[in-house]
Amino acid sequence: MAHNHGNQQIHHSHKAKEEIKKSKQTPLHLLLFFLVSFTLLFASRFLLISPTSLLAFFGDKDIKTYDAARTTTHSHPPCSSLPNYSICCERRNYHGDICFMLGDIRTHSPSSSVLLYPRTLNKSISITEERIRPYNRKWEGPIMDRIDELHLRIASKGDDSRQCEVRHDVPAIFFSAGGYTGNVFHDFNEGIIPLYITSHHFHRHVVLVVLNYRHWWFPKYREILAGLSGYPIIDFSTDTRTHCFRQATVGLRFHETLSINPSQLPDNKTMFDFRQMLAEAYEPRFKRERRDGPPKLVIISRKKTRAIENEEEVVRLAKEVGFDVEVVTPADTMPMKRMYALLSSCDVMMGVHGAAMTHFLFMRPGSKFIQIVPLGVEKVAWTCYGEPATKMGLKYEEYKILERESSLYQRYGEEDPVVNDPDSVRANKGWEVTKELYLKGQNVTLDAGRLRKTLARVFNRVALERREEKVDVV
């Protein structure tokens with residue numbers, strides 16, 4: 001992610017000085033102001049970069065755009081009927097492009113090309129080329145610039161020397177593992193869930209061709225990738241052999257944040273189907289077993305930003321309520337199968353808003369998910385995790401902290417807009433200041449009394465459900 005390491009602070013005295021300066025502006029100053037504003041507006045419109053942010057996804061402007069984009073459905077996609085020996089691209093999706101090829105398809109990685117050979121090569125054929133960066137952050141220019149670009153084109157007379165070295169009798173899906181890959185939220189949001197959407201109907205009879213391949217990426221997600229493809233993965237940049245296919249998809253379909261929209265799939269697959277795929281990938285003989293011990297609570301711990309400063313007190317409190325508590329700090333080196341085993345068997349997961357909340361995907365439908373929401377991130381907390389968790393059948397609950405539970409309260413005081421009016425700070429100061437304050441500059445100290453009520457309510461629900469399950473068994 002883009003980082004702004006400047007020391008962003010808000011001072012009332014500084015604000016007052018700015019007001020005095022504004023009152024003394026000359027017409028020349030105003031002219032310059034309008035010229036700069038127009039330039040920023042032009043850049044944001046045509047370069048797809050928000051004037052307040054290089055990482056707009058979590059900003060208000062982008063969430064509004066995203067909400068509007070995801071409600072648009074197309075009953076007749078332009079590439080729904082693809083004739084043989086043709087290339088067709090769909091570029092209307094806000095998040096990413098996707099292209100389709102059908103016919104004699106051959107790769108040429110040195111030129112970043114995928115060629116489609118017509119029935120007859122001749123000099124008079126018009127060269128048709130489509131370019132695509134197969135990653136779902138199309139609107140974020142600086143990230144897309146780092147994604148390898150593929151050239152999809154009709155072969156010409158000069159390409160006849162490229163003979164097939166590896167022939168495949170199943171289709172290919174080309175996509176990038178670059179961008180924000182490495183952050184578990186983005187791994188699933190831009191990668192694994194769109195890959196499932198795009199590939200599931202092949203029933204593992206598909207070859208995955210990966211651009212921007214990272215050597216740690218495959219071992220980390222080995223089980224999931226094996227659940228989507230039964231063939232060795234091709235690292236496009238290093239495998240210079242000519243691979244030949246009869247059908248190829250370039251890019252991944254994106255529906256919603258950490259979600260699948262069944263209305264956009266012919267077979268109406270849902271997040272429940274995706275969850276079942278995870279179960280089959282990590283535990284082939286997956287079976288829900290009734291726990292005889294106390295309800296299990298997994299607390300996701302953070303050590304740098306948005307940390308729970310009284311974590312030990314929180315753990316003691318949860319045990320007093322009756323939970324069997326396990327604290328886990330996800331790390332890049334932690335195998336995903338361990339996280340799956342831990343969360344698929346727990347009753348409740350609780351943690352402060354952050355990428356690690358993505359692991360709710362491993363929980364059983366009906367499990368409880370408590371997201372602790374710091375100041376200033378209410379909307380993004382719901383969009384990224386609350387809404388998707390609800391769609392996947394989890395019992396979702398938010399613990400929205402009070403002003404006094406935030407470390408910003410001690411730093412700025414209760415009268416500062418940073419504490420009592422985060423919306424105005426976000427609107428007036430932009431995403432970079434918002435990120436520095438509320439995501440990178442805030443910890444929480446949870447009120448024991450408030451938290452006890454939340455935990456007791458969730459514990460009682462779990463206990464009641466267990467009693468009802470026993471009655472059903474009898």
# chains A, B, ... in the order shown; residues from 1 in each chain; ligands from 1

call {"tool": "residues_around", "arguments": {"residues": "His200 (chain A)", "least_positions_apart": "6", "cutoff": "12 Å", "atoms": "only C-alpha atoms", "output": "list in words"}}
result
Ile173, Ile192, Ile193, Pro194, Val206, Ile224, Leu225, Ala226, Gly227, Leu228, Ser229, Gly230, Leu252, Arg253, Leu265, Pro266, Asp267, Asn268, Lys269, Thr270, Asp273, Phe274 and Met277 of chain A

call {"tool": "select_by_dssp", "arguments": {"residues": "region 324-421 of chain A", "states": "strand (DSSP E or B)", "output": "list in words"}}
result
Asp324, Val325, Glu326, Val327, Val328, Val348, Met349, Met350, Gly351, Val352, Lys368, Phe369, Ile370, Gln371, Ile372, Val373, Lys395, Tyr396, Glu397, Glu398, Tyr399, Lys400 and Ser406 of chain A

call {"tool": "select_by_dssp", "arguments": {"residues": "region 124-308 of chain A", "states": "helix (DSSP H, G or I)", "output": "MDAnalysis selection string"}}
result
chainID A and resid 141:144 157:159 184:202 217:220 222:228 262:264 271:282

call {"tool": "write_last_selection", "arguments": {"atoms": "C-alpha atoms", "output": "CSV table (one decimal), in the first residue's frame"}}
result
chain,number,residue,atom,x,y,z
A,141,GLY,CA,-3.2,3.4,-11.6
A,142,PRO,CA,0.0,3.1,-9.5
A,143,ILE,CA,-0.7,-0.5,-8.6
A,144,MET,CA,-1.8,-1.5,-12.1
A,157,LYS,CA,3.0,-14.6,-41.0
A,158,GLY,CA,6.1,-13.8,-39.0
A,159,ASP,CA,4.9,-15.9,-36.1
A,184,VAL,CA,-4.4,-11.7,3.3
A,185,PHE,CA,-7.4,-9.5,2.6
A,186,HIS,CA,-6.2,-8.7,-0.9
A,187,ASP,CA,-5.1,-12.3,-1.5
A,188,PHE,CA,-8.7,-13.4,-1.2
A,189,ASN,CA,-10.5,-10.3,-2.4
A,190,GLU,CA,-8.6,-9.7,-5.6
A,191,GLY,CA,-7.2,-13.2,-6.0
A,192,ILE,CA,-8.7,-16.4,-4.6
A,193,ILE,CA,-12.4,-15.6,-4.6
A,194,PRO,CA,-12.4,-14.1,-8.1
A,195,LEU,CA,-10.3,-17.2,-9.2
A,196,TYR,CA,-13.1,-19.4,-7.7
A,197,ILE,CA,-15.8,-17.4,-9.5
A,198,THR,CA,-13.9,-17.7,-12.8
A,199,SER,CA,-12.7,-21.4,-12.6
A,200,HIS,CA,-15.2,-23.4,-10.5
A,201,HIS,CA,-17.3,-24.5,-13.5
A,202,PHE,CA,-14.2,-26.3,-15.0
A,217,TRP,CA,2.5,-17.6,-2.8
A,218,PHE,CA,2.0,-21.1,-4.1
A,219,PRO,CA,3.1,-22.9,-0.9
A,220,LYS,CA,1.0,-20.7,1.2
A,222,ARG,CA,-1.2,-24.8,-2.1
A,223,GLU,CA,-4.4,-26.6,-0.8
A,224,ILE,CA,-6.8,-24.0,-2.2
A,225,LEU,CA,-5.1,-23.9,-5.6
A,226,ALA,CA,-5.1,-27.7,-5.7
A,227,GLY,CA,-8.9,-27.5,-5.1
A,228,LEU,CA,-9.3,-25.3,-8.1
A,262,PRO,CA,-25.1,-15.8,-7.3
A,263,SER,CA,-27.2,-13.8,-9.7
A,264,GLN,CA,-24.1,-13.3,-11.9
A,271,MET,CA,-20.2,-18.1,-0.6
A,272,PHE,CA,-21.6,-21.3,1.0
A,273,ASP,CA,-20.2,-23.2,-2.0
A,274,PHE,CA,-16.9,-21.3,-1.7
A,275,ARG,CA,-16.8,-22.2,2.0
A,276,GLN,CA,-17.4,-25.9,1.1
A,277,MET,CA,-14.5,-25.7,-1.4
A,278,LEU,CA,-12.2,-24.5,1.4
A,279,ALA,CA,-13.4,-27.4,3.6
A,280,GLU,CA,-12.7,-29.9,0.9
A,281,ALA,CA,-9.3,-28.4,0.2
A,282,TYR,CA,-8.1,-28.3,3.8

call {"tool": "closest_residue", "arguments": {"among": "A:Lys368, A:Arg137, A:Lys470, A:Arg411", "to": "Thr454 (chain A)", "atoms": "only C-alpha atoms"}}
result
A:Lys368

call {"tool": "residues_around", "arguments": {"residues": "Pro374 (chain A)", "least_positions_apart": "4", "cutoff": "8 Å", "atoms": "only C-alpha atoms", "output": "VMD selection string"}}
result
chain A and resid 306 352 to 353 378 400 to 401 406 438 442 to 444

call {"tool": "residues_around", "arguments": {"residues": "Ser113 (chain A)", "least_positions_apart": "4", "cutoff": "8 Å", "atoms": "only C-alpha atoms", "output": "PyMOL selection string"}}
result
chain A and resi 107-109+150-153

call {"tool": "closest_residue", "arguments": {"among": "A:Arg146, A:Lys319, A:Arg133, A:His95", "to": "Phe459 (chain A)", "atoms": "only C-alpha atoms"}}
result
A:Lys319

call {"tool": "closest_atom_pairs", "arguments": {"of": "region 124-217 of chain A", "to": "region 330-348 of chain A", "cutoff": "10 Å", "atoms": "only C-alpha atoms", "output": "CSV"}}
result
residue,atom,partner,partner_atom,distance
A:Gly182,CA,A:Asp332,CA,7.9
A:Asn183,CA,A:Asp332,CA,8.7
A:Val184,CA,A:Asp332,CA,8.9
A:Trp216,CA,A:Thr333,CA,9.3

call {"tool": "write_last_selection", "arguments": {"atoms": "C-alpha atoms", "output": "PDB file, in the first residue's frame"}}
result
ATOM      1  CA  GLY A 182       0.841 -10.785   0.436  1.00  0.00           C
ATOM      2  CA  ASN A 183      -1.895  -9.033   2.414  1.00  0.00           C
ATOM      3  CA  VAL A 184      -4.429 -11.741   3.257  1.00  0.00           C
ATOM      4  CA  TRP A 216       6.053 -17.991  -1.405  1.00  0.00           C
TER       5      TRP A 216
END

call {"tool": "closest_residue", "arguments": {"among": "A:His255, A:His359, A:Glu129, A:Cys164", "to": "Asn93 (chain A)", "atoms": "only C-alpha atoms"}}
result
A:His255

call {"tool": "residues_around", "arguments": {"residues": "Leu115 (chain A)", "least_positions_apart": "3", "cutoff": "12 Å", "atoms": "only C-alpha atoms", "output": "PyMOL selection string"}}
result
chain A and resi 85-87+101-109+111-112+118+127-131+150-156+158-160+162-164+242-248

call {"tool": "decode", "arguments": {"residues": "region 377-422 of chain A", "atoms": "N, CA and C atoms", "output": "PDB file, in the first residue's frame"}}
result
ATOM      1  N   VAL A 377     -13.447   4.169  11.364  1.00  0.00           N
ATOM      2  CA  VAL A 377     -13.411   3.117  10.343  1.00  0.00           C
ATOM      3  C   VAL A 377     -14.722   2.344  10.272  1.00  0.00           C
ATOM      4  N   GLU A 378     -15.797   2.935  10.751  1.00  0.00           N
ATOM      5  CA  GLU A 378     -17.067   2.223  10.827  1.00  0.00           C
ATOM      6  C   GLU A 378     -17.536   1.725   9.468  1.00  0.00           C
ATOM      7  N   LYS A 379     -17.471   2.586   8.473  1.00  0.00           N
ATOM      8  CA  LYS A 379     -18.008   2.216   7.166  1.00  0.00           C
ATOM      9  C   LYS A 379     -17.165   1.132   6.509  1.00  0.00           C
ATOM     10  N   VAL A 380     -15.853   1.287   6.551  1.00  0.00           N
ATOM     11  CA  VAL A 380     -14.990   0.297   5.908  1.00  0.00           C
ATOM     12  C   VAL A 380     -15.034  -1.030   6.660  1.00  0.00           C
ATOM     13  N   ALA A 381     -15.226  -0.994   7.979  1.00  0.00           N
ATOM     14  CA  ALA A 381     -15.330  -2.237   8.754  1.00  0.00           C
ATOM     15  C   ALA A 381     -16.536  -3.049   8.310  1.00  0.00           C
ATOM     16  N   TRP A 382     -17.646  -2.382   8.050  1.00  0.00           N
ATOM     17  CA  TRP A 382     -18.845  -3.082   7.599  1.00  0.00           C
ATOM     18  C   TRP A 382     -18.676  -3.565   6.159  1.00  0.00           C
ATOM     19  N   THR A 383     -18.158  -2.690   5.280  1.00  0.00           N
ATOM     20  CA  THR A 383     -18.025  -3.046   3.870  1.00  0.00           C
ATOM     21  C   THR A 383     -17.080  -4.213   3.658  1.00  0.00           C
ATOM     22  N   CYS A 384     -15.952  -4.202   4.368  1.00  0.00           N
ATOM     23  CA  CYS A 384     -14.918  -5.220   4.135  1.00  0.00           C
ATOM     24  C   CYS A 384     -15.209  -6.537   4.836  1.00  0.00           C
ATOM     25  N   TYR A 385     -15.805  -6.488   6.022  1.00  0.00           N
ATOM     26  CA  TYR A 385     -15.942  -7.720   6.806  1.00  0.00           C
ATOM     27  C   TYR A 385     -17.359  -7.983   7.316  1.00  0.00           C
ATOM     28  N   GLY A 386     -18.043  -6.962   7.787  1.00  0.00           N
ATOM     29  CA  GLY A 386     -19.364  -7.185   8.354  1.00  0.00           C
ATOM     30  C   GLY A 386     -20.361  -7.708   7.341  1.00  0.00           C
ATOM     31  N   GLU A 387     -20.486  -7.014   6.230  1.00  0.00           N
ATOM     32  CA  GLU A 387     -21.442  -7.423   5.199  1.00  0.00           C
ATOM     33  C   GLU A 387     -21.075  -8.774   4.585  1.00  0.00           C
ATOM     34  N   PRO A 388     -19.803  -9.001   4.182  1.00  0.00           N
ATOM     35  CA  PRO A 388     -19.457 -10.318   3.632  1.00  0.00           C
ATOM     36  C   PRO A 388     -19.667 -11.463   4.616  1.00  0.00           C
ATOM     37  N   ALA A 389     -19.352 -11.233   5.902  1.00  0.00           N
ATOM     38  CA  ALA A 389     -19.539 -12.293   6.894  1.00  0.00           C
ATOM     39  C   ALA A 389     -21.014 -12.649   7.038  1.00  0.00           C
ATOM     40  N   THR A 390     -21.858 -11.637   7.015  1.00  0.00           N
ATOM     41  CA  THR A 390     -23.299 -11.878   7.111  1.00  0.00           C
ATOM     42  C   THR A 390     -23.793 -12.696   5.917  1.00  0.00           C
ATOM     43  N   LYS A 391     -23.292 -12.371   4.719  1.00  0.00           N
ATOM     44  CA  LYS A 391     -23.700 -13.099   3.523  1.00  0.00           C
ATOM     45  C   LYS A 391     -23.247 -14.552   3.560  1.00  0.00           C
ATOM     46  N   MET A 392     -22.167 -14.811   4.315  1.00  0.00           N
ATOM     47  CA  MET A 392     -21.664 -16.184   4.385  1.00  0.00           C
ATOM     48  C   MET A 392     -22.321 -16.969   5.504  1.00  0.00           C
ATOM     49  N   GLY A 393     -23.284 -16.354   6.168  1.00  0.00           N
ATOM     50  CA  GLY A 393     -24.039 -17.086   7.168  1.00  0.00           C
ATOM     51  C   GLY A 393     -23.479 -17.022   8.574  1.00  0.00           C
ATOM     52  N   LEU A 394     -22.542 -16.103   8.839  1.00  0.00           N
ATOM     53  CA  LEU A 394     -22.034 -15.945  10.201  1.00  0.00           C
ATOM     54  C   LEU A 394     -22.964 -15.036  10.994  1.00  0.00           C
ATOM     55  N   LYS A 395     -22.974 -15.208  12.297  1.00  0.00           N
ATOM     56  CA  LYS A 395     -23.714 -14.314  13.189  1.00  0.00           C
ATOM     57  C   LYS A 395     -22.759 -13.188  13.565  1.00  0.00           C
ATOM     58  N   TYR A 396     -22.932 -12.061  12.906  1.00  0.00           N
ATOM     59  CA  TYR A 396     -21.973 -10.965  13.004  1.00  0.00           C
ATOM     60  C   TYR A 396     -22.408  -9.948  14.048  1.00  0.00           C
ATOM     61  N   GLU A 397     -21.437  -9.449  14.801  1.00  0.00           N
ATOM     62  CA  GLU A 397     -21.705  -8.427  15.809  1.00  0.00           C
ATOM     63  C   GLU A 397     -20.535  -7.453  15.848  1.00  0.00           C
ATOM     64  N   GLU A 398     -20.853  -6.173  15.984  1.00  0.00           N
ATOM     65  CA  GLU A 398     -19.814  -5.150  16.090  1.00  0.00           C
ATOM     66  C   GLU A 398     -19.717  -4.625  17.515  1.00  0.00           C
ATOM     67  N   TYR A 399     -18.473  -4.486  17.965  1.00  0.00           N
ATOM     68  CA  TYR A 399     -18.212  -3.782  19.219  1.00  0.00           C
ATOM     69  C   TYR A 399     -17.579  -2.456  18.816  1.00  0.00           C
ATOM     70  N   LYS A 400     -18.410  -1.420  18.696  1.00  0.00           N
ATOM     71  CA  LYS A 400     -17.909  -0.099  18.323  1.00  0.00           C
ATOM     72  C   LYS A 400     -17.381   0.600  19.569  1.00  0.00           C
ATOM     73  N   ILE A 401     -16.110   0.937  19.530  1.00  0.00           N
ATOM     74  CA  ILE A 401     -15.511   1.517  20.732  1.00  0.00           C
ATOM     75  C   ILE A 401     -16.057   2.915  20.979  1.00  0.00           C
ATOM     76  N   LEU A 402     -16.066   3.305  22.234  1.00  0.00           N
ATOM     77  CA  LEU A 402     -16.386   4.673  22.609  1.00  0.00           C
ATOM     78  C   LEU A 402     -15.136   5.534  22.459  1.00  0.00           C
ATOM     79  N   GLU A 403     -15.337   6.839  22.460  1.00  0.00           N
ATOM     80  CA  GLU A 403     -14.206   7.754  22.286  1.00  0.00           C
ATOM     81  C   GLU A 403     -13.119   7.496  23.321  1.00  0.00           C
ATOM     82  N   ARG A 404     -13.514   7.269  24.556  1.00  0.00           N
ATOM     83  CA  ARG A 404     -12.526   7.100  25.623  1.00  0.00           C
ATOM     84  C   ARG A 404     -11.758   5.782  25.517  1.00  0.00           C
ATOM     85  N   GLU A 405     -12.240   4.847  24.692  1.00  0.00           N
ATOM     86  CA  GLU A 405     -11.545   3.577  24.517  1.00  0.00           C
ATOM     87  C   GLU A 405     -10.448   3.650  23.450  1.00  0.00           C
ATOM     88  N   SER A 406     -10.321   4.781  22.779  1.00  0.00           N
ATOM     89  CA  SER A 406      -9.320   4.960  21.739  1.00  0.00           C
ATOM     90  C   SER A 406      -8.101   5.692  22.286  1.00  0.00           C
ATOM     91  N   SER A 407      -6.920   5.305  21.830  1.00  0.00           N
ATOM     92  CA  SER A 407      -5.702   6.013  22.218  1.00  0.00           C
ATOM     93  C   SER A 407      -5.703   7.446  21.691  1.00  0.00           C
ATOM     94  N   LEU A 408      -6.514   7.725  20.678  1.00  0.00           N
ATOM     95  CA  LEU A 408      -6.612   9.086  20.152  1.00  0.00           C
ATOM     96  C   LEU A 408      -7.250  10.029  21.166  1.00  0.00           C
ATOM     97  N   TYR A 409      -8.053   9.472  22.061  1.00  0.00           N
ATOM     98  CA  TYR A 409      -8.691  10.280  23.106  1.00  0.00           C
ATOM     99  C   TYR A 409      -7.626  10.889  24.017  1.00  0.00           C
ATOM    100  N   GLN A 410      -6.637  10.085  24.369  1.00  0.00           N
ATOM    101  CA  GLN A 410      -5.563  10.590  25.230  1.00  0.00           C
ATOM    102  C   GLN A 410      -4.670  11.561  24.488  1.00  0.00           C
ATOM    103  N   ARG A 411      -4.511  11.354  23.211  1.00  0.00           N
ATOM    104  CA  ARG A 411      -3.583  12.181  22.436  1.00  0.00           C
ATOM    105  C   ARG A 411      -4.179  13.532  22.061  1.00  0.00           C
ATOM    106  N   TYR A 412      -5.458  13.538  21.682  1.00  0.00           N
ATOM    107  CA  TYR A 412      -6.054  14.767  21.170  1.00  0.00           C
ATOM    108  C   TYR A 412      -7.070  15.405  22.119  1.00  0.00           C
ATOM    109  N   GLY A 413      -7.681  14.623  22.984  1.00  0.00           N
ATOM    110  CA  GLY A 413      -8.712  15.157  23.865  1.00  0.00           C
ATOM    111  C   GLY A 413     -10.090  15.040  23.270  1.00  0.00           C
ATOM    112  N   GLU A 414     -11.100  15.069  24.133  1.00  0.00           N
ATOM    113  CA  GLU A 414     -12.462  14.795  23.686  1.00  0.00           C
ATOM    114  C   GLU A 414     -13.063  15.885  22.820  1.00  0.00           C
ATOM    115  N   GLU A 415     -12.499  17.094  22.852  1.00  0.00           N
ATOM    116  CA  GLU A 415     -13.065  18.200  22.073  1.00  0.00           C
ATOM    117  C   GLU A 415     -12.518  18.278  20.658  1.00  0.00           C
ATOM    118  N   ASP A 416     -11.499  17.524  20.359  1.00  0.00           N
ATOM    119  CA  ASP A 416     -10.882  17.608  19.031  1.00  0.00           C
ATOM    120  C   ASP A 416     -11.716  16.829  18.013  1.00  0.00           C
ATOM    121  N   PRO A 417     -11.883  17.362  16.789  1.00  0.00           N
ATOM    122  CA  PRO A 417     -12.635  16.655  15.754  1.00  0.00           C
ATOM    123  C   PRO A 417     -12.072  15.262  15.442  1.00  0.00           C
ATOM    124  N   VAL A 418     -10.781  15.070  15.647  1.00  0.00           N
ATOM    125  CA  VAL A 418     -10.201  13.747  15.432  1.00  0.00           C
ATOM    126  C   VAL A 418     -10.942  12.704  16.259  1.00  0.00           C
ATOM    127  N   VAL A 419     -11.382  13.106  17.455  1.00  0.00           N
ATOM    128  CA  VAL A 419     -12.054  12.189  18.374  1.00  0.00           C
ATOM    129  C   VAL A 419     -13.567  12.250  18.235  1.00  0.00           C
ATOM    130  N   ASN A 420     -14.125  13.443  18.215  1.00  0.00           N
ATOM    131  CA  ASN A 420     -15.589  13.546  18.268  1.00  0.00           C
ATOM    132  C   ASN A 420     -16.260  13.710  16.904  1.00  0.00           C
ATOM    133  N   ASP A 421     -15.470  13.862  15.830  1.00  0.00           N
ATOM    134  CA  ASP A 421     -16.073  14.009  14.504  1.00  0.00           C
ATOM    135  C   ASP A 421     -15.153  13.455  13.417  1.00  0.00           C
ATOM    136  N   PRO A 422     -14.882  12.144  13.438  1.00  0.00           N
ATOM    137  CA  PRO A 422     -13.993  11.555  12.421  1.00  0.00           C
ATOM    138  C   PRO A 422     -14.475  11.769  10.994  1.00  0.00           C
TER     139      PRO A 422
END
